[in-house]
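Colleague: What follows is the file data16.tsv, containing TSV, N, CA and C atoms:
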```
chain	number	residue	atom	x	y	z
A	1	MET	N	41.90	-26.61	34.37
A	1	MET	CA	41.37	-27.87	33.89
A	1	MET	C	39.99	-28.13	34.50
A	2	THR	N	39.08	-28.50	33.68
A	2	THR	CA	37.75	-28.87	34.14
A	2	THR	C	37.69	-30.38	34.30
A	3	ALA	N	37.24	-30.81	35.45
A	3	ALA	CA	37.11	-32.24	35.72
A	3	ALA	C	35.67	-32.68	35.48
A	4	ILE	N	35.52	-33.85	34.91
A	4	ILE	CA	34.20	-34.42	34.67
A	4	ILE	C	33.97	-35.49	35.73
A	5	ARG	N	32.88	-35.36	36.44
A	5	ARG	CA	32.56	-36.29	37.53
A	5	ARG	C	31.12	-36.78	37.43
A	6	THR	N	30.85	-37.88	38.09
A	6	THR	CA	29.48	-38.36	38.21
A	6	THR	C	28.69	-37.36	39.04
A	7	ALA	N	27.52	-37.01	38.56
A	7	ALA	CA	26.68	-36.05	39.27
A	7	ALA	C	26.20	-36.64	40.59
A	8	PRO	N	25.95	-35.78	41.58
A	8	PRO	CA	25.41	-36.26	42.85
A	8	PRO	C	24.10	-37.03	42.64
A	9	GLY	N	23.95	-38.14	43.34
A	9	GLY	CA	22.74	-38.94	43.27
A	9	GLY	C	22.71	-39.94	42.12
A	10	VAL	N	23.74	-39.94	41.28
A	10	VAL	CA	23.80	-40.88	40.16
A	10	VAL	C	24.53	-42.15	40.61
A	11	THR	N	23.95	-43.29	40.29
A	11	THR	CA	24.60	-44.56	40.60
A	11	THR	C	25.25	-45.12	39.35
A	12	GLN	N	26.33	-45.85	39.55
A	12	GLN	CA	27.04	-46.52	38.48
A	12	GLN	C	27.08	-48.01	38.80
A	13	ARG	N	26.78	-48.82	37.80
A	13	ARG	CA	26.83	-50.26	38.03
A	13	ARG	C	27.46	-50.93	36.82
A	14	MET	N	28.61	-51.58	37.03
A	14	MET	CA	29.29	-52.31	35.98
A	14	MET	C	28.66	-53.69	35.87
A	15	LEU	N	28.30	-54.07	34.66
A	15	LEU	CA	27.64	-55.35	34.42
A	15	LEU	C	28.65	-56.38	33.91
A	16	PRO	N	28.35	-57.66	34.10
A	16	PRO	CA	29.29	-58.71	33.68
A	16	PRO	C	29.62	-58.69	32.18
A	17	ASP	N	28.72	-58.14	31.36
A	17	ASP	CA	28.96	-58.11	29.92
A	17	ASP	C	29.77	-56.89	29.48
A	18	GLY	N	30.29	-56.11	30.43
A	18	GLY	CA	31.11	-54.96	30.11
A	18	GLY	C	30.34	-53.65	29.97
A	19	HIS	N	29.04	-53.71	30.06
A	19	HIS	CA	28.22	-52.49	30.01
A	19	HIS	C	28.27	-51.79	31.35
A	20	LEU	N	28.04	-50.49	31.34
A	20	LEU	CA	27.97	-49.69	32.55
A	20	LEU	C	26.63	-48.98	32.57
A	21	LYS	N	25.88	-49.16	33.65
A	21	LYS	CA	24.59	-48.49	33.81
A	21	LYS	C	24.79	-47.26	34.69
A	22	LEU	N	24.34	-46.12	34.17
A	22	LEU	CA	24.29	-44.89	34.95
A	22	LEU	C	22.82	-44.58	35.18
A	23	ALA	N	22.45	-44.29	36.42
A	23	ALA	CA	21.04	-44.06	36.71
A	23	ALA	C	20.87	-42.93	37.72
A	24	SER	N	19.86	-42.12	37.44
A	24	SER	CA	19.42	-41.08	38.38
A	24	SER	C	17.92	-41.26	38.54
A	25	THR	N	17.30	-40.37	39.27
A	25	THR	CA	15.85	-40.47	39.44
A	25	THR	C	15.11	-40.20	38.15
A	26	SER	N	15.74	-39.51	37.19
A	26	SER	CA	15.05	-39.16	35.95
A	26	SER	C	15.60	-39.83	34.69
A	27	HIS	N	16.79	-40.40	34.74
A	27	HIS	CA	17.38	-41.02	33.55
A	27	HIS	C	18.13	-42.29	33.91
A	28	GLU	N	18.17	-43.21	32.94
A	28	GLU	CA	19.01	-44.40	33.05
A	28	GLU	C	19.66	-44.61	31.68
A	29	VAL	N	20.97	-44.77	31.66
A	29	VAL	CA	21.71	-44.96	30.43
A	29	VAL	C	22.53	-46.24	30.54
A	30	ASP	N	22.46	-47.04	29.49
A	30	ASP	CA	23.26	-48.26	29.38
A	30	ASP	C	24.41	-47.97	28.44
A	31	CYS	N	25.62	-47.85	28.97
A	31	CYS	CA	26.80	-47.56	28.16
A	31	CYS	C	27.39	-48.85	27.62
A	32	GLU	N	27.63	-48.89	26.32
A	32	GLU	CA	28.29	-50.02	25.68
A	32	GLU	C	29.70	-50.16	26.26
A	33	PRO	N	30.34	-51.32	26.08
A	33	PRO	CA	31.67	-51.54	26.67
A	33	PRO	C	32.72	-50.49	26.34
A	34	VAL	N	32.76	-49.97	25.11
A	34	VAL	CA	33.75	-48.94	24.79
A	34	VAL	C	33.48	-47.68	25.59
A	35	ALA	N	32.24	-47.24	25.64
A	35	ALA	CA	31.89	-46.06	26.44
A	35	ALA	C	32.15	-46.32	27.92
A	36	ALA	N	31.87	-47.53	28.38
A	36	ALA	CA	32.14	-47.88	29.78
A	36	ALA	C	33.63	-47.75	30.08
A	37	ALA	N	34.47	-48.26	29.18
A	37	ALA	CA	35.92	-48.16	29.37
A	37	ALA	C	36.36	-46.70	29.42
A	38	MET	N	35.75	-45.87	28.57
A	38	MET	CA	36.10	-44.44	28.57
A	38	MET	C	35.75	-43.81	29.91
A	39	LEU	N	34.58	-44.14	30.44
A	39	LEU	CA	34.16	-43.56	31.73
A	39	LEU	C	35.00	-44.09	32.88
A	40	VAL	N	35.38	-45.34	32.83
A	40	VAL	CA	36.26	-45.90	33.87
A	40	VAL	C	37.60	-45.18	33.84
A	41	ALA	N	38.16	-45.00	32.64
A	41	ALA	CA	39.44	-44.29	32.52
A	41	ALA	C	39.31	-42.86	33.02
A	42	LEU	N	38.20	-42.22	32.71
A	42	LEU	CA	37.98	-40.86	33.20
A	42	LEU	C	37.95	-40.82	34.72
A	43	ASN	N	37.28	-41.78	35.34
A	43	ASN	CA	37.26	-41.86	36.80
A	43	ASN	C	38.65	-42.11	37.37
A	44	GLN	N	39.40	-42.98	36.72
A	44	GLN	CA	40.75	-43.31	37.19
A	44	GLN	C	41.70	-42.13	37.08
A	45	HIS	N	41.39	-41.18	36.21
A	45	HIS	CA	42.25	-40.02	36.01
A	45	HIS	C	41.60	-38.74	36.54
A	46	ASN	N	40.80	-38.90	37.59
A	46	ASN	CA	40.22	-37.77	38.33
A	46	ASN	C	39.46	-36.80	37.43
A	47	GLY	N	38.78	-37.35	36.43
A	47	GLY	CA	37.95	-36.52	35.57
A	47	GLY	C	38.70	-35.75	34.51
A	48	ASP	N	40.00	-36.01	34.33
A	48	ASP	CA	40.82	-35.29	33.37
A	48	ASP	C	40.69	-35.92	31.98
A	49	LEU	N	40.06	-35.18	31.05
A	49	LEU	CA	39.82	-35.69	29.70
A	49	LEU	C	41.13	-35.99	28.96
A	50	ASP	N	42.11	-35.11	29.11
A	50	ASP	CA	43.38	-35.30	28.39
A	50	ASP	C	44.11	-36.55	28.86
A	51	ASP	N	44.19	-36.74	30.17
A	51	ASP	CA	44.89	-37.92	30.70
A	51	ASP	C	44.17	-39.21	30.31
A	52	ALA	N	42.85	-39.23	30.46
A	52	ALA	CA	42.09	-40.43	30.11
A	52	ALA	C	42.22	-40.74	28.62
A	53	SER	N	42.17	-39.71	27.79
A	53	SER	CA	42.30	-39.90	26.34
A	53	SER	C	43.67	-40.44	25.97
A	54	ALA	N	44.70	-39.90	26.59
A	54	ALA	CA	46.07	-40.35	26.29
A	54	ALA	C	46.28	-41.81	26.64
A	55	VAL	N	45.80	-42.22	27.79
A	55	VAL	CA	45.96	-43.60	28.22
A	55	VAL	C	45.20	-44.56	27.30
A	56	LEU	N	43.96	-44.22	27.01
A	56	LEU	CA	43.16	-45.10	26.15
A	56	LEU	C	43.69	-45.13	24.72
A	57	ALA	N	44.14	-44.00	24.20
A	57	ALA	CA	44.68	-43.97	22.84
A	57	ALA	C	45.91	-44.88	22.73
A	58	ALA	N	46.75	-44.85	23.73
A	58	ALA	CA	47.92	-45.73	23.72
A	58	ALA	C	47.51	-47.19	23.82
A	59	LEU	N	46.58	-47.47	24.70
A	59	LEU	CA	46.12	-48.84	24.90
A	59	LEU	C	45.43	-49.40	23.65
A	60	TRP	N	44.62	-48.58	23.01
A	60	TRP	CA	43.85	-49.01	21.85
A	60	TRP	C	44.56	-48.73	20.52
A	61	GLU	N	45.77	-48.16	20.61
A	61	GLU	CA	46.57	-47.85	19.43
A	61	GLU	C	45.78	-47.03	18.41
A	62	THR	N	45.24	-45.91	18.89
A	62	THR	CA	44.47	-45.01	18.04
A	62	THR	C	44.93	-43.58	18.27
A	63	ASP	N	44.47	-42.67	17.44
A	63	ASP	CA	44.86	-41.27	17.53
A	63	ASP	C	44.26	-40.63	18.78
A	64	VAL	N	45.09	-39.96	19.56
A	64	VAL	CA	44.64	-39.38	20.82
A	64	VAL	C	43.61	-38.27	20.59
A	65	GLU	N	43.75	-37.49	19.53
A	65	GLU	CA	42.79	-36.41	19.27
A	65	GLU	C	41.42	-36.97	18.88
A	66	ASP	N	41.41	-38.04	18.09
A	66	ASP	CA	40.13	-38.68	17.74
A	66	ASP	C	39.46	-39.24	18.98
A	67	LEU	N	40.25	-39.88	19.83
A	67	LEU	CA	39.68	-40.47	21.04
A	67	LEU	C	39.17	-39.38	21.98
A	68	ARG	N	39.92	-38.29	22.10
A	68	ARG	CA	39.49	-37.19	22.96
A	68	ARG	C	38.17	-36.60	22.44
A	69	TYR	N	38.05	-36.46	21.13
A	69	TYR	CA	36.81	-35.96	20.53
A	69	TYR	C	35.63	-36.85	20.92
A	70	ASP	N	35.82	-38.17	20.82
A	70	ASP	CA	34.76	-39.12	21.18
A	70	ASP	C	34.43	-39.03	22.67
A	71	LEU	N	35.44	-38.87	23.50
A	71	LEU	CA	35.23	-38.77	24.94
A	71	LEU	C	34.48	-37.48	25.29
A	72	VAL	N	34.82	-36.39	24.62
A	72	VAL	CA	34.11	-35.13	24.84
A	72	VAL	C	32.65	-35.26	24.42
A	73	ALA	N	32.42	-35.91	23.29
A	73	ALA	CA	31.03	-36.11	22.83
A	73	ALA	C	30.24	-36.95	23.83
A	74	LEU	N	30.84	-38.03	24.30
A	74	LEU	CA	30.17	-38.90	25.28
A	74	LEU	C	29.86	-38.15	26.56
A	75	THR	N	30.86	-37.49	27.12
A	75	THR	CA	30.64	-36.80	28.39
A	75	THR	C	29.69	-35.62	28.23
A	76	GLY	N	29.72	-34.96	27.08
A	76	GLY	CA	28.78	-33.86	26.83
A	76	GLY	C	27.35	-34.35	26.84
A	77	SER	N	27.11	-35.49	26.21
A	77	SER	CA	25.76	-36.07	26.20
A	77	SER	C	25.31	-36.43	27.60
A	78	LEU	N	26.21	-37.04	28.37
A	78	LEU	CA	25.84	-37.44	29.73
A	78	LEU	C	25.68	-36.24	30.66
A	79	CYS	N	26.46	-35.18	30.42
A	79	CYS	CA	26.26	-33.95	31.19
A	79	CYS	C	24.89	-33.33	30.88
A	80	SER	N	24.50	-33.36	29.62
A	80	SER	CA	23.22	-32.76	29.26
A	80	SER	C	22.05	-33.52	29.87
A	81	LEU	N	22.26	-34.79	30.18
A	81	LEU	CA	21.22	-35.58	30.86
A	81	LEU	C	21.29	-35.43	32.38
A	82	GLY	N	22.31	-34.74	32.86
A	82	GLY	CA	22.47	-34.56	34.30
A	82	GLY	C	23.12	-35.74	35.00
A	83	LEU	N	23.72	-36.65	34.24
A	83	LEU	CA	24.38	-37.81	34.84
A	83	LEU	C	25.84	-37.55	35.20
A	84	LEU	N	26.46	-36.61	34.49
A	84	LEU	CA	27.83	-36.16	34.80
A	84	LEU	C	27.79	-34.65	35.00
A	85	THR	N	28.82	-34.13	35.66
A	85	THR	CA	28.95	-32.69	35.85
A	85	THR	C	30.38	-32.26	35.53
A	86	GLU	N	30.50	-30.98	35.16
A	86	GLU	CA	31.81	-30.37	34.95
A	86	GLU	C	32.12	-29.49	36.14
A	87	GLY	N	33.38	-29.50	36.54
A	87	GLY	CA	33.73	-28.58	37.61
A	87	GLY	C	34.79	-29.06	38.51
```
What would you get if you wrote out this structure as structure tokens?
Modeller:
Amino acid sequence: MTAIRTAPGVTQRMLPDGHLKLASTSHEVDCEPVAAAMLVALNQHNGDLDDASAVLAALWETDVEDLRYDLVALTGSLCSLGLLTEG
């Protein structure tokens, strides 16, 4: 299993409006509340995409495979920016 984690040197800041800011020396991303919830769930499940997807799919009453696809797309984008890492 590959775990997805916040990259070294990246800060995370949860805002009162439900947004999550990820920032490094070269990038800053403002995650909408749904993306923020996905990243929080991922952190709560030690970077495990399957566990985070299963919990959120049950909570949001949606298909787990669709949710996992969205989570993979989100984390892939953030990895390509150097804000998250696999490993």
Colleague: Would you work out the distance separating atom CA of A:Tyr69 from atom CA of A:Asp48, expressed in Å to one decimal?
Modeller: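 Result for atom CA of A:Tyr69 versus atom CA of A:Asp48: 13.5 Å, one decimal.
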Colleague: Tell me, in Å to one decimal, how far atom N of A:Asp30 is from atom CA of A:Glu65.
Modeller: 25.1 Å
Colleague: Of the candidates A:Ala23, A:Ala52, A:Leu39, A:Leu84, which shows the shortest atom-to-atom distance to A:Gly9, using all atoms listed in the file?
Modeller: A:Ala23
Colleague: Counting only C-alpha atoms, figure out which residue out of A:Ala7, A:Leu83, A:Ser53, A:Val64 gets nearest to A:Val29.
Modeller: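 Once distances to A:Val29 are computed over only C-alpha atoms, the minimum belongs to A:Leu83.
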Colleague: Using atom CA of A:Gly47 and atom CA of A:Glu61 as the two end points, give the distance in Å to one decimal.
Modeller: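 Between these atoms lies a distance of 21.5 Å.
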Colleague: Could you check the closest approach to A:Ala36 for each of A:Val72, A:Leu49, A:Leu20, A:Met14 and tell me which residue wins, using all atoms listed in the file?
Modeller: A:Leu20
Colleague: Take the point (33.3, -27.7, 32.9) as written in the file and pick out every residue within 9 Å of it, counting only C-alpha atoms; give the list as an MDAnalysis selection string.
Modeller: chainID A and resid 1:4 85:87
Colleague: Give the strand (DSSP E or B) residues of chain A, as DSSP finds them on the backbone, and put them as an MDAnalysis selection string.
Modeller: chainID A and resid 4:6 11:14 20:23 28:31 84:86
Colleague: Please identify which residues in chain A DSSP calls alpha helix (DSSP H) from the backbone, and express them as a PyMOL selection string.
Modeller: chain A and resi 33-44+49-60+64-80
Colleague: Generate a file of the selected residues that holds N, CA and C atoms, formatted as a short mmCIF file (atom, residue, chain, number, x, y, z; two decimals), in the frame of the given file.
Modeller:
```cif
data_model
loop_
_atom_site.label_atom_id
_atom_site.label_comp_id
_atom_site.auth_asym_id
_atom_site.auth_seq_id
_atom_site.Cartn_x
_atom_site.Cartn_y
_atom_site.Cartn_z
N PRO A 33 30.34 -51.32 26.08
CA PRO A 33 31.67 -51.54 26.67
C PRO A 33 32.72 -50.49 26.34
N VAL A 34 32.76 -49.97 25.11
CA VAL A 34 33.75 -48.94 24.79
C VAL A 34 33.48 -47.68 25.59
N ALA A 35 32.24 -47.24 25.64
CA ALA A 35 31.89 -46.06 26.44
C ALA A 35 32.15 -46.32 27.92
N ALA A 36 31.87 -47.53 28.38
CA ALA A 36 32.14 -47.88 29.78
C ALA A 36 33.63 -47.75 30.08
N ALA A 37 34.47 -48.26 29.18
CA ALA A 37 35.92 -48.16 29.37
C ALA A 37 36.36 -46.70 29.42
N MET A 38 35.75 -45.87 28.57
CA MET A 38 36.10 -44.44 28.57
C MET A 38 35.75 -43.81 29.91
N LEU A 39 34.58 -44.14 30.44
CA LEU A 39 34.16 -43.56 31.73
C LEU A 39 35.00 -44.09 32.88
N VAL A 40 35.38 -45.34 32.83
CA VAL A 40 36.26 -45.90 33.87
C VAL A 40 37.60 -45.18 33.84
N ALA A 41 38.16 -45.00 32.64
CA ALA A 41 39.44 -44.29 32.52
C ALA A 41 39.31 -42.86 33.02
N LEU A 42 38.20 -42.22 32.71
CA LEU A 42 37.98 -40.86 33.20
C LEU A 42 37.95 -40.82 34.72
N ASN A 43 37.28 -41.78 35.34
CA ASN A 43 37.26 -41.86 36.80
C ASN A 43 38.65 -42.11 37.37
N GLN A 44 39.40 -42.98 36.72
CA GLN A 44 40.75 -43.31 37.19
C GLN A 44 41.70 -42.13 37.08
N LEU A 49 40.06 -35.18 31.05
CA LEU A 49 39.82 -35.69 29.70
C LEU A 49 41.13 -35.99 28.96
N ASP A 50 42.11 -35.11 29.11
CA ASP A 50 43.38 -35.30 28.39
C ASP A 50 44.11 -36.55 28.86
N ASP A 51 44.19 -36.74 30.17
CA ASP A 51 44.89 -37.92 30.70
C ASP A 51 44.17 -39.21 30.31
N ALA A 52 42.85 -39.23 30.46
CA ALA A 52 42.09 -40.43 30.11
C ALA A 52 42.22 -40.74 28.62
N SER A 53 42.17 -39.71 27.79
CA SER A 53 42.30 -39.90 26.34
C SER A 53 43.67 -40.44 25.97
N ALA A 54 44.70 -39.90 26.59
CA ALA A 54 46.07 -40.35 26.29
C ALA A 54 46.28 -41.81 26.64
N VAL A 55 45.80 -42.22 27.79
CA VAL A 55 45.96 -43.60 28.22
C VAL A 55 45.20 -44.56 27.30
N LEU A 56 43.96 -44.22 27.01
CA LEU A 56 43.16 -45.10 26.15
C LEU A 56 43.69 -45.13 24.72
N ALA A 57 44.14 -44.00 24.20
CA ALA A 57 44.68 -43.97 22.84
C ALA A 57 45.91 -44.88 22.73
N ALA A 58 46.75 -44.85 23.73
CA ALA A 58 47.92 -45.73 23.72
C ALA A 58 47.51 -47.19 23.82
N LEU A 59 46.58 -47.47 24.70
CA LEU A 59 46.12 -48.84 24.90
C LEU A 59 45.43 -49.40 23.65
N TRP A 60 44.62 -48.58 23.01
CA TRP A 60 43.85 -49.01 21.85
C TRP A 60 44.56 -48.73 20.52
N VAL A 64 45.09 -39.96 19.56
CA VAL A 64 44.64 -39.38 20.82
C VAL A 64 43.61 -38.27 20.59
N GLU A 65 43.75 -37.49 19.53
CA GLU A 65 42.79 -36.41 19.27
C GLU A 65 41.42 -36.97 18.88
N ASP A 66 41.41 -38.04 18.09
CA ASP A 66 40.13 -38.68 17.74
C ASP A 66 39.46 -39.24 18.98
N LEU A 67 40.25 -39.88 19.83
CA LEU A 67 39.68 -40.47 21.04
C LEU A 67 39.17 -39.38 21.98
N ARG A 68 39.92 -38.29 22.10
CA ARG A 68 39.49 -37.19 22.96
C ARG A 68 38.17 -36.60 22.44
N TYR A 69 38.05 -36.46 21.13
CA TYR A 69 36.81 -35.96 20.53
C TYR A 69 35.63 -36.85 20.92
N ASP A 70 35.82 -38.17 20.82
CA ASP A 70 34.76 -39.12 21.18
C ASP A 70 34.43 -39.03 22.67
N LEU A 71 35.44 -38.87 23.50
CA LEU A 71 35.23 -38.77 24.94
C LEU A 71 34.48 -37.48 25.29
N VAL A 72 34.82 -36.39 24.62
CA VAL A 72 34.11 -35.13 24.84
C VAL A 72 32.65 -35.26 24.42
N ALA A 73 32.42 -35.91 23.29
CA ALA A 73 31.03 -36.11 22.83
C ALA A 73 30.24 -36.95 23.83
N LEU A 74 30.84 -38.03 24.30
CA LEU A 74 30.17 -38.90 25.28
C LEU A 74 29.86 -38.15 26.56
N THR A 75 30.86 -37.49 27.12
CA THR A 75 30.64 -36.80 28.39
C THR A 75 29.69 -35.62 28.23
N GLY A 76 29.72 -34.96 27.08
CA GLY A 76 28.78 -33.86 26.83
C GLY A 76 27.35 -34.35 26.84
N SER A 77 27.11 -35.49 26.21
CA SER A 77 25.76 -36.07 26.20
C SER A 77 25.31 -36.43 27.60
N LEU A 78 26.21 -37.04 28.37
CA LEU A 78 25.84 -37.44 29.73
C LEU A 78 25.68 -36.24 30.66
N CYS A 79 26.46 -35.18 30.42
CA CYS A 79 26.26 -33.95 31.19
C CYS A 79 24.89 -33.33 30.88
N SER A 80 24.50 -33.36 29.62
CA SER A 80 23.22 -32.76 29.26
C SER A 80 22.05 -33.52 29.87
#
```
Colleague: Identify, on the basis of only C-alpha atoms, every residue whose closest approach to A:Cys31 does not exceed 8 Å; exclude the query and any residue fewer than 6 positions from it along the same chain; express the result as a list in words.
Modeller: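 Surrounding residues, per the criterion: His19, Leu20, Lys21 and Leu22 of chain A.
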Colleague: Pick out the closest residue to A:Leu81 from this set: A:Ala54, A:Val34, A:His27, A:Gly18. Count all atoms listed in the file.
Modeller: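 Among the listed residues, the smallest separation from A:Leu81 belongs to A:His27.
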